[in-house]
Structures are given as structure tokens and as C-alpha cells.
>>> print(open('my_file-v7.txt').read())   # compact mmCIF, C-alpha atoms
# COMPACT_ATOMS: atom_id res chain seq x y z
CA MET A 1 161.87 119.85 62.32
CA ASN A 2 162.57 116.57 64.08
CA ARG A 3 159.49 115.06 62.46
CA PHE A 4 161.00 115.83 59.05
CA TYR A 5 164.17 113.89 59.83
CA VAL A 6 162.03 110.95 60.97
CA VAL A 7 160.24 111.09 57.61
CA VAL A 8 163.61 111.17 55.82
CA GLY A 9 164.83 108.18 57.83
CA VAL A 10 161.69 106.13 57.28
CA LEU A 11 161.67 106.95 53.56
CA ALA A 12 165.34 105.96 53.26
CA VAL A 13 164.63 102.59 54.89
CA VAL A 14 161.56 101.97 52.70
CA LEU A 15 163.51 102.85 49.55
CA ALA A 16 166.46 100.68 50.57
CA VAL A 17 164.12 97.72 51.10
CA ALA A 18 162.43 98.41 47.76
CA VAL A 19 165.76 98.47 45.89
CA PHE A 20 166.86 95.28 47.63
CA ALA A 21 163.57 93.58 46.70
CA LEU A 22 163.85 94.75 43.08
CA LEU A 23 167.37 93.37 42.80
CA LYS A 24 166.38 90.06 44.38
CA THR A 25 163.25 89.49 42.32
CA GLY A 26 164.46 90.35 38.83
CA GLY A 27 162.88 88.06 36.22
CA GLY A 28 165.94 86.16 35.08
CA ALA A 29 166.67 83.79 32.28
CA SER A 30 164.67 80.59 32.23
CA ALA A 31 166.81 77.73 33.53
CA ALA A 32 165.30 75.44 30.90
CA ALA A 33 166.71 77.63 28.14
CA VAL A 34 170.04 78.46 29.78
CA GLY A 35 171.50 75.05 30.49
CA PRO A 36 171.94 71.81 28.60
CA PRO A 37 168.87 69.53 28.52
CA PRO A 38 168.67 66.32 30.56
CA THR A 39 168.21 64.26 27.39
CA VAL A 40 169.05 64.95 23.77
CA VAL A 41 166.53 64.03 21.09
CA ASP A 42 166.98 64.37 17.34
CA ASP A 43 163.94 66.23 16.04
CA GLY A 44 165.21 66.05 12.47
CA PHE A 45 166.02 69.75 12.37
CA ARG A 46 169.32 70.56 10.63
CA GLY A 47 169.55 74.32 11.00
CA TYR A 48 168.00 77.38 9.44
CA THR A 49 169.14 78.12 5.93
CA ILE A 50 169.22 81.15 3.72
CA GLY A 51 169.69 81.03 -0.04
CA ASP A 52 168.66 79.01 -3.03
CA SER A 53 167.78 75.43 -2.12
CA SER A 54 169.40 74.22 -5.38
CA ALA A 55 172.62 76.21 -5.00
CA LYS A 56 175.74 74.29 -5.92
CA VAL A 57 177.50 75.34 -2.77
CA GLU A 58 176.26 74.94 0.77
CA ILE A 59 178.24 76.50 3.58
CA THR A 60 177.40 75.33 7.07
CA GLU A 61 178.42 77.57 9.91
CA TYR A 62 178.79 76.30 13.47
CA SER A 63 178.40 79.36 15.61
CA ASP A 64 177.87 80.61 19.13
CA PHE A 65 175.87 83.78 19.65
CA GLU A 66 178.03 84.79 22.60
CA CYS A 67 181.28 84.39 20.65
CA PRO A 68 182.87 87.73 19.65
CA PHE A 69 184.49 86.24 16.52
CA CYS A 70 181.07 84.98 15.39
CA SER A 71 179.62 88.43 15.97
CA ARG A 72 182.42 90.02 13.97
CA PHE A 73 181.90 87.54 11.15
CA ALA A 74 178.12 88.10 11.16
CA THR A 75 178.41 91.87 11.10
CA ILE A 76 181.45 92.36 8.86
CA GLN A 77 181.65 89.42 6.43
CA MET A 78 178.07 88.21 6.27
CA PRO A 79 176.54 91.30 4.62
CA THR A 80 178.93 90.92 1.67
CA ILE A 81 178.39 87.16 1.56
CA LYS A 82 174.64 87.72 1.45
CA GLU A 83 174.99 90.23 -1.35
CA GLN A 84 177.60 88.47 -3.48
CA LEU A 85 176.98 84.79 -2.85
CA ILE A 86 173.55 84.18 -1.37
CA ALA A 87 171.46 86.72 -3.27
CA THR A 88 173.10 85.63 -6.51
CA GLY A 89 172.08 82.01 -5.93
CA LYS A 90 175.63 80.74 -5.69
CA VAL A 91 175.56 79.71 -2.06
CA ARG A 92 173.06 78.39 0.46
CA TRP A 93 174.02 79.22 4.04
CA ARG A 94 173.16 76.92 6.93
CA PHE A 95 173.41 78.00 10.54
CA ARG A 96 174.11 75.43 13.24
CA ASP A 97 174.34 76.10 16.95
CA PHE A 98 177.57 75.34 18.73
CA PRO A 99 177.26 77.02 22.14
CA ILE A 100 180.61 77.06 23.90
CA PRO A 101 180.19 75.55 27.39
CA GLY A 102 182.08 78.40 29.08
CA HIS A 103 179.67 81.00 27.73
CA ALA A 104 176.99 81.75 30.30
CA TYR A 105 174.26 82.84 27.89
CA GLY A 106 175.26 81.25 24.58
CA ARG A 107 172.60 78.56 24.86
CA PHE A 108 170.05 81.08 26.04
CA ALA A 109 170.74 83.27 23.00
CA ALA A 110 170.52 80.23 20.71
CA HIS A 111 167.20 79.43 22.31
CA ALA A 112 165.94 82.97 21.75
CA ALA A 113 166.87 82.61 18.07
CA GLN A 114 165.03 79.27 17.87
CA CYS A 115 161.96 80.82 19.49
CA ALA A 116 162.11 83.59 16.90
CA GLY A 117 162.52 80.95 14.22
CA GLU A 118 159.32 79.35 15.45
CA GLN A 119 157.62 82.57 14.38
CA GLY A 120 159.52 82.73 11.08
CA LYS A 121 162.09 85.29 12.22
CA PHE A 122 165.23 83.32 13.02
CA TRP A 123 167.50 85.46 10.83
CA GLU A 124 166.06 88.68 12.22
CA MET A 125 166.87 87.53 15.76
CA HIS A 126 170.25 86.23 14.57
CA ASP A 127 171.04 89.77 13.40
CA GLN A 128 169.75 91.38 16.59
CA LEU A 129 171.91 89.10 18.74
CA PHE A 130 175.04 89.70 16.70
CA TYR A 131 174.62 93.37 15.84
CA HIS A 132 173.86 94.37 19.46
CA HIS A 133 176.56 92.21 20.92
CA GLN A 134 177.24 94.37 23.99
CA TRP A 135 175.14 91.92 26.00
CA ALA A 136 177.85 89.28 25.57
CA GLN A 137 180.47 91.49 27.14
CA THR A 138 178.60 92.58 30.24
CA GLY A 139 178.08 89.11 31.76
CA LYS A 140 174.66 90.27 32.92
CA ASP A 141 171.44 88.33 32.48
CA PRO A 142 170.28 89.35 28.97
CA SER A 143 166.72 88.00 29.17
CA SER A 144 165.11 91.46 29.20
CA LEU A 145 167.28 92.61 26.33
CA PHE A 146 166.46 89.55 24.24
CA ARG A 147 162.79 90.15 24.94
CA GLN A 148 163.32 93.69 23.69
CA PHE A 149 164.93 92.26 20.54
CA ALA A 150 161.89 90.01 20.15
CA ALA A 151 159.62 93.04 20.40
CA ASP A 152 161.78 95.01 17.98
CA ILE A 153 161.53 92.35 15.25
CA GLY A 154 157.79 92.06 15.75
CA LEU A 155 157.47 88.71 17.51
CA ASP A 156 154.30 87.73 19.33
CA LEU A 157 155.72 88.34 22.84
CA PRO A 158 153.45 86.03 24.88
CA ARG A 159 154.34 83.24 22.47
CA TYR A 160 158.03 84.12 22.69
CA ASP A 161 157.86 84.20 26.52
CA GLU A 162 156.16 80.82 26.61
CA CYS A 163 158.76 79.37 24.24
CA MET A 164 161.67 80.70 26.31
CA LYS A 165 160.15 79.50 29.56
CA SER A 166 159.52 76.02 28.19
CA GLY A 167 163.08 75.58 26.93
CA ARG A 168 161.69 73.31 24.24
CA TYR A 169 164.61 73.88 21.86
CA ALA A 170 167.34 73.13 24.39
CA SER A 171 167.55 69.56 23.10
CA ARG A 172 167.77 70.73 19.48
CA ILE A 173 170.60 73.11 20.36
CA GLU A 174 172.51 70.44 22.23
CA TYR A 175 171.99 67.99 19.36
CA SER A 176 173.52 70.57 17.03
CA ARG A 177 176.50 71.01 19.37
CA GLN A 178 177.06 67.27 19.57
CA GLU A 179 176.81 67.04 15.80
CA GLY A 180 179.50 69.71 15.64
CA LEU A 181 181.70 67.79 18.06
CA ASN A 182 181.36 64.70 15.85
CA LEU A 183 182.46 66.81 12.88
CA LEU A 184 185.47 67.99 14.89
CA VAL A 185 184.32 71.55 15.34
CA ASP A 186 187.02 72.96 17.58
CA GLY A 187 186.00 76.59 17.85
CA THR A 188 183.52 79.12 16.60
CA PRO A 189 182.80 80.02 13.95
CA THR A 190 183.72 76.85 12.06
CA PHE A 191 182.61 76.39 8.46
CA TYR A 192 182.00 73.41 6.19
CA VAL A 193 181.82 73.95 2.46
CA ASN A 194 179.73 71.20 0.88
CA GLY A 195 180.52 69.09 3.93
CA LYS A 196 184.27 69.70 3.86
CA LYS A 197 185.79 71.55 6.78
CA PHE A 198 187.13 74.97 5.88
CA ASN A 199 190.65 75.26 7.20
CA GLY A 200 191.65 78.55 5.61
CA PRO A 201 193.62 81.15 7.54
CA SER A 202 190.79 83.66 7.52
CA ALA A 203 187.10 83.25 6.81
CA THR A 204 186.30 86.27 4.70
CA SER A 205 183.72 86.96 2.04
CA ASP A 206 186.49 87.06 -0.58
CA VAL A 207 187.79 83.64 0.40
CA PHE A 208 184.32 82.09 0.36
CA LYS A 209 183.61 83.75 -3.00
CA ALA A 210 186.78 82.26 -4.46
CA ILE A 211 185.87 78.81 -3.13
CA ALA A 212 182.26 79.06 -4.35
CA ASP A 213 183.33 80.31 -7.79
CA SER A 214 185.82 77.48 -8.04
CA ILE A 215 183.21 74.85 -7.20
CA ILE A 216 180.65 76.36 -9.56
CA ALA A 217 183.20 76.56 -12.37
CA ARG A 218 183.83 72.85 -12.01
CA SER A 219 180.10 72.14 -11.89
CA PRO A 220 178.36 71.23 -15.20
CA SER A 221 175.05 73.16 -15.01
CA PRO A 222 174.28 76.71 -13.82
CA SER A 223 172.30 77.21 -10.68
CA PRO A 224 169.01 79.18 -10.48
CA ARG A 225 169.13 82.65 -8.95
CA THR A 226 166.20 82.70 -6.59
CA PRO A 227 167.27 83.22 -2.98
CA ALA A 228 165.05 81.74 -0.32
CA ARG A 229 164.92 81.73 3.44
CA ARG A 230 163.94 79.02 5.79
CA MET B 1 162.04 125.66 54.62
CA ARG B 2 159.29 123.68 52.90
CA TYR B 3 161.03 124.00 49.54
CA ARG B 4 164.32 122.69 50.94
CA GLN B 5 162.52 119.81 52.65
CA ALA B 6 160.77 118.93 49.38
CA ILE B 7 164.12 119.03 47.55
CA ALA B 8 165.72 116.77 50.17
CA LEU B 9 162.91 114.20 49.91
CA LEU B 10 162.96 114.23 46.10
CA ALA B 11 166.76 113.89 46.07
CA LEU B 12 166.49 110.93 48.44
CA VAL B 13 164.08 109.16 46.07
CA GLY B 14 166.24 110.06 43.06
CA CYS B 15 169.32 108.75 44.83
CA PHE B 16 167.72 105.32 45.29
CA VAL B 17 166.50 105.21 41.67
CA ALA B 18 170.05 105.92 40.50
CA LEU B 19 171.42 103.46 43.08
CA TYR B 20 169.21 100.70 41.67
CA LEU B 21 170.45 101.42 38.13
CA TRP B 22 174.05 101.60 39.29
CA LEU B 23 173.90 98.30 41.20
CA HIS B 24 172.35 96.71 38.12
CA ALA B 25 175.17 98.14 36.00
CA LEU B 26 177.61 96.46 38.40
CA GLY B 27 175.88 93.15 37.73
CA VAL B 28 174.02 92.93 41.05
CA GLY B 29 170.65 91.16 40.77
CA GLY B 30 168.81 90.02 37.66
CA PRO B 31 167.41 92.04 34.79
CA LEU B 32 165.86 95.44 35.41
CA LYS B 33 162.21 95.47 36.33
CA CYS B 34 161.18 97.47 33.34
CA GLY B 35 157.91 96.15 31.93
CA ALA B 36 158.00 96.42 28.15
CA GLY B 37 160.47 99.30 28.32
CA GLY B 38 163.90 99.30 26.74
CA CYS B 39 165.92 99.53 29.97
CA ASP B 40 168.42 96.87 28.98
CA THR B 41 168.82 98.35 25.51
CA VAL B 42 169.71 101.65 27.17
CA GLN B 43 171.79 100.11 29.94
CA THR B 44 173.89 97.99 27.60
CA SER B 45 174.39 100.74 25.02
CA ARG B 46 177.76 102.42 24.77
CA TRP B 47 176.16 105.58 26.13
CA ALA B 48 175.58 103.89 29.49
CA VAL B 49 179.24 104.47 30.35
CA LEU B 50 180.78 107.92 30.65
CA LEU B 51 184.51 108.40 31.26
CA GLY B 52 184.78 104.76 32.23
CA LEU B 53 182.04 104.91 34.84
CA PRO B 54 178.38 103.85 34.62
CA VAL B 55 176.15 106.86 33.96
CA ALA B 56 173.95 105.79 36.88
CA LEU B 57 176.88 106.44 39.24
CA TYR B 58 176.84 110.10 38.23
CA GLY B 59 173.16 110.08 39.17
CA VAL B 60 173.90 108.61 42.59
CA VAL B 61 176.60 111.20 43.25
CA GLY B 62 174.47 114.06 41.91
CA TYR B 63 171.38 113.22 43.92
CA PHE B 64 173.47 112.56 47.02
CA ALA B 65 175.11 115.97 46.64
CA ILE B 66 171.71 117.66 46.35
CA LEU B 67 170.47 115.71 49.38
CA VAL B 68 173.46 116.73 51.49
CA VAL B 69 173.19 120.39 50.46
CA ALA B 70 169.43 120.42 51.09
CA LEU B 71 169.90 118.91 54.56
CA ALA B 72 172.70 121.36 55.28
CA ALA B 73 170.40 124.18 54.17
CA LEU B 74 167.83 123.01 56.70
CA ARG B 75 170.11 123.66 59.64
CA PRO B 76 168.65 126.43 61.79
CA ALA B 77 171.57 128.74 61.04
CA ALA B 78 171.28 128.16 57.29
CA LEU B 79 167.53 128.71 57.08
CA VAL B 80 167.94 132.46 56.85
CA GLN B 81 170.74 132.29 54.28
CA PRO B 82 169.30 132.59 50.73
CA GLN B 83 172.57 131.55 49.04
CA TRP B 84 171.70 127.91 49.76
CA ASN B 85 168.79 128.28 47.35
CA LEU B 86 171.20 129.42 44.67
CA LEU B 87 173.49 126.46 45.34
CA LEU B 88 170.57 124.05 45.12
CA LEU B 89 169.38 125.66 41.90
CA GLY B 90 172.89 125.36 40.45
CA LEU B 91 173.10 121.65 41.27
CA ALA B 92 169.56 121.03 39.97
CA THR B 93 170.30 122.91 36.74
CA ALA B 94 173.39 120.79 36.14
CA GLY B 95 171.27 117.69 36.78
CA VAL B 96 168.51 118.82 34.44
CA LEU B 97 170.97 119.59 31.64
CA PHE B 98 172.68 116.21 32.02
CA THR B 99 169.29 114.49 32.09
CA ALA B 100 168.18 116.38 28.98
CA TYR B 101 171.29 115.13 27.18
CA LEU B 102 170.61 111.53 28.28
CA THR B 103 166.95 111.78 27.26
CA TYR B 104 168.02 113.09 23.85
CA LEU B 105 170.29 110.03 23.48
CA GLU B 106 167.46 107.69 24.42
CA LEU B 107 164.99 109.24 22.00
CA PHE B 108 167.17 110.01 18.99
CA VAL B 109 170.31 107.86 19.21
CA ILE B 110 169.53 104.66 21.13
CA HIS B 111 165.84 104.67 20.14
CA ALA B 112 164.79 103.07 23.41
CA ILE B 113 163.26 104.44 26.56
CA CYS B 114 164.21 103.31 30.03
CA ARG B 115 161.38 103.86 32.48
CA TRP B 116 163.73 104.28 35.40
CA CYS B 117 165.57 106.97 33.48
CA VAL B 118 162.27 108.71 32.78
CA GLY B 119 161.50 108.47 36.51
CA SER B 120 164.83 110.07 37.32
CA ALA B 121 164.20 112.78 34.72
CA VAL B 122 160.87 113.62 36.36
CA ILE B 123 162.50 113.79 39.82
CA ILE B 124 165.36 116.06 38.78
CA THR B 125 162.92 118.30 36.88
CA LEU B 126 160.74 118.58 39.99
CA ILE B 127 163.83 119.42 42.07
CA TRP B 128 164.75 122.11 39.56
CA ILE B 129 161.23 123.59 39.61
CA VAL B 130 161.11 123.60 43.42
CA SER B 131 164.57 125.16 43.66
CA LEU B 132 163.43 127.82 41.17
CA LEU B 133 160.30 128.49 43.24
CA SER B 134 162.45 128.82 46.36
CA LEU B 135 164.32 131.66 44.63
CA ARG B 136 161.13 133.43 43.62
CA SER B 137 159.70 133.11 47.13
CA PRO B 138 162.61 133.50 49.55
CA GLU B 139 162.44 131.63 52.83
CA PRO B 140 160.74 133.76 55.52
CA ARG B 141 163.09 135.04 58.16
CA THR B 142 161.67 132.84 60.86
CA ASP B 143 163.05 132.31 64.27
CA PRO B 144 165.31 129.25 63.88
CA ALA B 145 164.10 127.98 67.22
CA ALA B 146 160.48 127.98 66.09
>>> encode(input="my_file-v7.txt", output="C-alpha cells")
Amino acid sequence: MNRFYVVVGVLAVVLAVAVFALLKTGGGASAAAVGPPPTVVDDGFRGYTIGDSSAKVEITEYSDFECPFCSRFATIQMPTIKEQLIATGKVRWRFRDFPIPGHAYGRFAAHAAQCAGEQGKFWEMHDQLFYHHQWAQTGKDPSSLFRQFAADIGLDLPRYDECMKSGRYASRIEYSRQEGLNLLVDGTPTFYVNGKKFNGPSATSDVFKAIADSIIARSPSPSPRTPARR
Amino acid sequence: MRYRQAIALLALVGCFVALYLWLHALGVGGPLKCGAGGCDTVQTSRWAVLLGLPVALYGVVGYFAILVVALAALRPAALVQPQWNLLLLGLATAGVLFTAYLTYLELFVIHAICRWCVGSAVIITLIWIVSLLSLRSPEPRTDPAA
């Protein structure tokens, strides 16, 4: 009988040590992809786009993946915008990163999207990050979840892991943020319609449709209707 | 006695599995060690919280209750009392039903499997089987001093 209680005690200690070790040695987000880079270099990249390259209207969105308003816009307004404006060739949409400094994993999420973009799946990762936005509310390290997103959209995981570890897009993301600062982006999401800052009360699909229709109506020639992704 | 000892040991292991998931839910430590599993998908889903508390906490409390009852049932005076087996079976059945519900959510609602949750499901199922066996083969009326 006494021997049993010794076994229970020893097992409890072993399990406690194991749990402690597991909590201490969790993988964690790569520092290179989480924080701002030491130097910022312009690699010529100006954001992923979706829509016809010859569309009369280009809307540039400065966004932060950790921002709840951006998530709401991406999940509520964007599907209609894609259907009514992008698929019809009226609008080309450009996504620019503007990670808010106070957001712990905004840069990391932007980096995950860039690493997906490297494999041709930026928009798929964009949707994963915004549609499963619970990660942004927990404050917990989302690296495992993002890796799960990468697996779900069919990324080559070793390549994704290497990309995230290297942090090679940190400079690109910071360049985008600084570009936004120069354009007086003061929150996310902020939009520019053909380079002009959108200052409307609410950024909805109806408002953007009205603006796009107005621009197209004033434009002399019709635009082609072949949507494209980059 | 052997059945109750086995239940106590299994509950102890289950308690630490649930403790690990609960501490993670509280934000302690980094991401779950989960291999290619969908632990974080499960843990950050809206199903990971029940009545305002992390589901893993219910696991900690449940396993701890089974552990305490199993240890109480191992007291010399309790060894000859078969009602402890019924109590253990009742607790294990509640645990198995709750686990079955969570596994259903993983498979058909969340569409992700958490390996730690599977581990817990195996443990509670084993506890249930052992507690069932203890009913079928009642503890021998041994001399408590033996």
C-alpha cells in the first residue's frame, strides 16, 4: 500500500516537471518576424493586388491583421466588394501592411501572409488570418495556429517555416508601414482611391461602389472584365 | 484494490494533461507542443470556453475529483465498500460523455484534432473501462491490514 503512494508521488513530480518543461520550451514566434527590422530596404514591392490590372479604379488598403476593424471589413465588406467591384473589372484592390506598433503579433501575421504570398497564396492566408481572428483576441503566441493556417491552405510547410524563421519580409512590411505614415495613414483600415485618401464616414461596399461607379462614369473608355490576382 | 489504484494513476496523468492545456489557455508558456496537430485551432475556437471558463479547467477539476475519490476508495476502511466503485463509474461516465461531446466538436464542427485532447479522451475512456471492470469483478473482501 505504501509503495503505491510512493509511485503516485513520484509520478506526480515527474508529470509536474514535464508540464513545466513543455510550457518553457514551446516553439514560439520567430523574433525576426515579430519585431521591426534593424534596417529598412525598399525591395520595389508595392503590395499584393487582386483585380483587373487595367481597372479604372485602384483602391489601396492599409491594414493590420491584428486589427479588429480590419477583420470586420475583410469578412463583412470585402466579399461584396470582390463580387460587385473586383470580379466585374471595375476595381483593382491593393493590400498594404500597416502593423500597429501596439499589436504584439500584427507584424508576425503580416509576415505569415508574405510567406504565403511567396508560394502564391497571399490572399488565402489573408482570409485565414481575418476569418479566424480569435487569435488576435487571446494575446497568445499564434505561431502554431498560423502554421496550421499554412497547412490548411496547402503551403509547403518546410518552406513556410524557413521563411518565418528568416524574417526576410520584415523590412518589406516596415517599408509599407513607413509609406503609410508618409501618406498620413492614421489608423487601420485606411483606404486610398486612385491615390486619394478616403475620408468617408464608413467604408462599406456600397460607398466604394458609388465612388467607383462615379469615377468610371467620368472615364472615357470602358474597362476590360478579366479579374486577376497577384 | 488494483482497479482503484489504476484509476488513481490514470486520473493523475489526465489531471496533468488537462493542467497543461489549462495553463496554456491562461497564456502561460508558448504555443502548444502539438506536432502537425490542430491544437491551437481547437484551443482558440469558441468551443474552447464553456460558461466563461476554459474547457481544460473542467478537465482539471474532473480528473482531480476522480483522483481524490479513487484515493479515498483506497483507504483500508473503504476497500470493502463496493459503493466507491459506483461513484467512480459515475464520475468516469460523466467524463466520457463530456469527452465524446468535445470529440464530436473537433471532428465535425471545428474540423481540427488536438492531440492532447485525444490523449485525454484515451485516458478517460480507460478510466471508464477500468471502473466498469471493477463493478463486474468486485474487490475481494481482504483483510485491510494485509
>>> residues_near_point(input="my_file-v7.txt", point="(170.1, 110.3, 46.9)", cutoff="12 Å", atoms="only C-alpha atoms", output="PyMOL selection string")
(chain A and resi 8+11-12+15-16) or (chain B and resi 7-20+56-71+120+123-124)
>>> closest_atom_pairs(input="my_file-v7.txt", of="chain A", to="chain B", cutoff="12 Å", atoms="only C-alpha atoms", output="tab-separated table")
residue	atom	partner	partner_atom	distance
A:Met1	CA	B:Leu74	CA	8.8
A:Asn2	CA	B:Leu74	CA	11.1
A:Arg3	CA	B:Gln5	CA	11.3
A:Phe4	CA	B:Gln5	CA	7.7
A:Tyr5	CA	B:Leu71	CA	9.3
A:Val6	CA	B:Leu9	CA	11.6
A:Val7	CA	B:Leu9	CA	8.7
A:Val8	CA	B:Leu9	CA	6.7
A:Gly9	CA	B:Leu12	CA	9.9
A:Val10	CA	B:Leu9	CA	11.0
A:Leu11	CA	B:Leu12	CA	8.1
A:Ala12	CA	B:Leu12	CA	7.0
A:Val13	CA	B:Phe16	CA	10.4
A:Val14	CA	B:Val13	CA	10.1
A:Leu15	CA	B:Phe16	CA	6.5
A:Ala16	CA	B:Phe16	CA	7.1
A:Val17	CA	B:Phe16	CA	10.2
A:Ala18	CA	B:Phe16	CA	9.0
A:Val19	CA	B:Tyr20	CA	5.9
A:Phe20	CA	B:Tyr20	CA	8.4
A:Ala21	CA	B:Gly29	CA	9.5
A:Leu22	CA	B:Lys33	CA	7.0
A:Leu23	CA	B:Gly29	CA	4.4
A:Lys24	CA	B:Gly29	CA	5.7
A:Thr25	CA	B:Gly30	CA	7.3
A:Gly26	CA	B:Gly30	CA	4.5
A:Gly27	CA	B:Pro31	CA	6.2
A:Gly28	CA	B:Gly30	CA	5.5
A:Ala29	CA	B:Gly30	CA	8.5
A:Ser30	CA	B:Gly30	CA	11.6
A:Gln128	CA	B:Thr41	CA	11.4
A:Leu129	CA	B:Thr41	CA	11.9
A:Tyr131	CA	B:Ser45	CA	11.8
A:His132	CA	B:Ser45	CA	8.5
A:His133	CA	B:Thr44	CA	9.2
A:Gln134	CA	B:Thr44	CA	6.1
A:Trp135	CA	B:Thr44	CA	6.4
A:Ala136	CA	B:Thr44	CA	9.8
A:Gln137	CA	B:Thr44	CA	9.3
A:Thr138	CA	B:Thr44	CA	7.6
A:Gly139	CA	B:Gly27	CA	7.5
A:Lys140	CA	B:Gly27	CA	5.7
A:Asp141	CA	B:Pro31	CA	5.9
A:Pro142	CA	B:Pro31	CA	7.0
A:Ser143	CA	B:Pro31	CA	7.0
A:Ser144	CA	B:Pro31	CA	6.1
A:Leu145	CA	B:Asp40	CA	5.1
A:Phe146	CA	B:Asp40	CA	8.9
A:Arg147	CA	B:Ala36	CA	8.5
A:Gln148	CA	B:Gly38	CA	6.4
A:Phe149	CA	B:Thr41	CA	8.8
A:Ala150	CA	B:Ala36	CA	11.0
A:Ala151	CA	B:Ala36	CA	8.6
A:Asp152	CA	B:Gly38	CA	10.0
A:Leu157	CA	B:Ala36	CA	9.9
A:Pro158	CA	B:Ala36	CA	11.8
>>> closest_residue(input="my_file-v7.txt", among="B:Tyr3, B:Trp47, B:Trp116, B:Phe108", to="Leu88 (chain B)", atoms="all atoms listed in the file")
B:Tyr3
>>> atom_distance(input="my_file-v7.txt", atom1="CA of Asp52 (chain A)", atom2="CA of Ala87 (chain A)")
8.2 Å
>>> atom_distance(input="my_file-v7.txt", atom1="CA of Leu181 (chain A)", atom2="CA of Asn199 (chain A)")
15.9 Å
>>> atom_distance(input="my_file-v7.txt", atom1="CA of Lys209 (chain A)", atom2="CA of Leu85 (chain A)")
6.7 Å
>>> residues_near_point(input="my_file-v7.txt", point="(168.7, 78.7, 10.3)", cutoff="8 Å", atoms="only C-alpha atoms", output="PDB file with C-alpha atoms, in the frame of the given file")
ATOM      1  CA  GLY A  47     169.550  74.320  11.000  1.00  0.00           C
ATOM      2  CA  TYR A  48     168.000  77.380   9.440  1.00  0.00           C
ATOM      3  CA  THR A  49     169.140  78.120   5.930  1.00  0.00           C
ATOM      4  CA  ILE A  50     169.220  81.150   3.720  1.00  0.00           C
ATOM      5  CA  ARG A  94     173.160  76.920   6.930  1.00  0.00           C
ATOM      6  CA  PHE A  95     173.410  78.000  10.540  1.00  0.00           C
ATOM      7  CA  ARG A  96     174.110  75.430  13.240  1.00  0.00           C
ATOM      8  CA  GLY A 117     162.520  80.950  14.220  1.00  0.00           C
ATOM      9  CA  PHE A 122     165.230  83.320  13.020  1.00  0.00           C
ATOM     10  CA  TRP A 123     167.500  85.460  10.830  1.00  0.00           C
ATOM     11  CA  ARG A 230     163.940  79.020   5.790  1.00  0.00           C
TER      12      ARG A 230
END
>>> residues_around(input="my_file-v7.txt", residues="Phe198 (chain A)", least_positions_apart="5", cutoff="10 Å", atoms="all atoms listed in the file", output="list in words")
Ile59, Thr60, Glu61, Thr190, Phe191, Tyr192, Val193, Ala203, Phe208 and Ile211 of chain A
>>> closest_residue(input="my_file-v7.txt", among="B:Val96, B:Leu53, B:Gly90, B:Tyr101", to="Leu126 (chain B)", atoms="only C-alpha atoms")
B:Val96
>>> residues_around(input="my_file-v7.txt", residues="Ile100 (chain A)", least_positions_apart="5", cutoff="10 Å", atoms="all atoms listed in the file", output="number ranges by chain")
A: 63-67, 105-107, 177, 186-188
>>> write_last_selection(input="my_file-v7.txt", atoms="C-alpha atoms", output="mmCIF file, keeping the file's coordinate frame")
data_model
loop_
_atom_site.group_PDB
_atom_site.id
_atom_site.type_symbol
_atom_site.label_atom_id
_atom_site.label_comp_id
_atom_site.auth_asym_id
_atom_site.auth_seq_id
_atom_site.Cartn_x
_atom_site.Cartn_y
_atom_site.Cartn_z
ATOM 1 C CA SER A 63 178.400 79.360 15.610
ATOM 2 C CA ASP A 64 177.870 80.610 19.130
ATOM 3 C CA PHE A 65 175.870 83.780 19.650
ATOM 4 C CA GLU A 66 178.030 84.790 22.600
ATOM 5 C CA CYS A 67 181.280 84.390 20.650
ATOM 6 C CA TYR A 105 174.260 82.840 27.890
ATOM 7 C CA GLY A 106 175.260 81.250 24.580
ATOM 8 C CA ARG A 107 172.600 78.560 24.860
ATOM 9 C CA ARG A 177 176.500 71.010 19.370
ATOM 10 C CA ASP A 186 187.020 72.960 17.580
ATOM 11 C CA GLY A 187 186.000 76.590 17.850
ATOM 12 C CA THR A 188 183.520 79.120 16.600
#
>>> closest_residue(input="my_file-v7.txt", among="A:Pro101, A:Arg92, A:Ala33, A:Gln84", to="Ala210 (chain A)", atoms="all atoms listed in the file")
A:Gln84
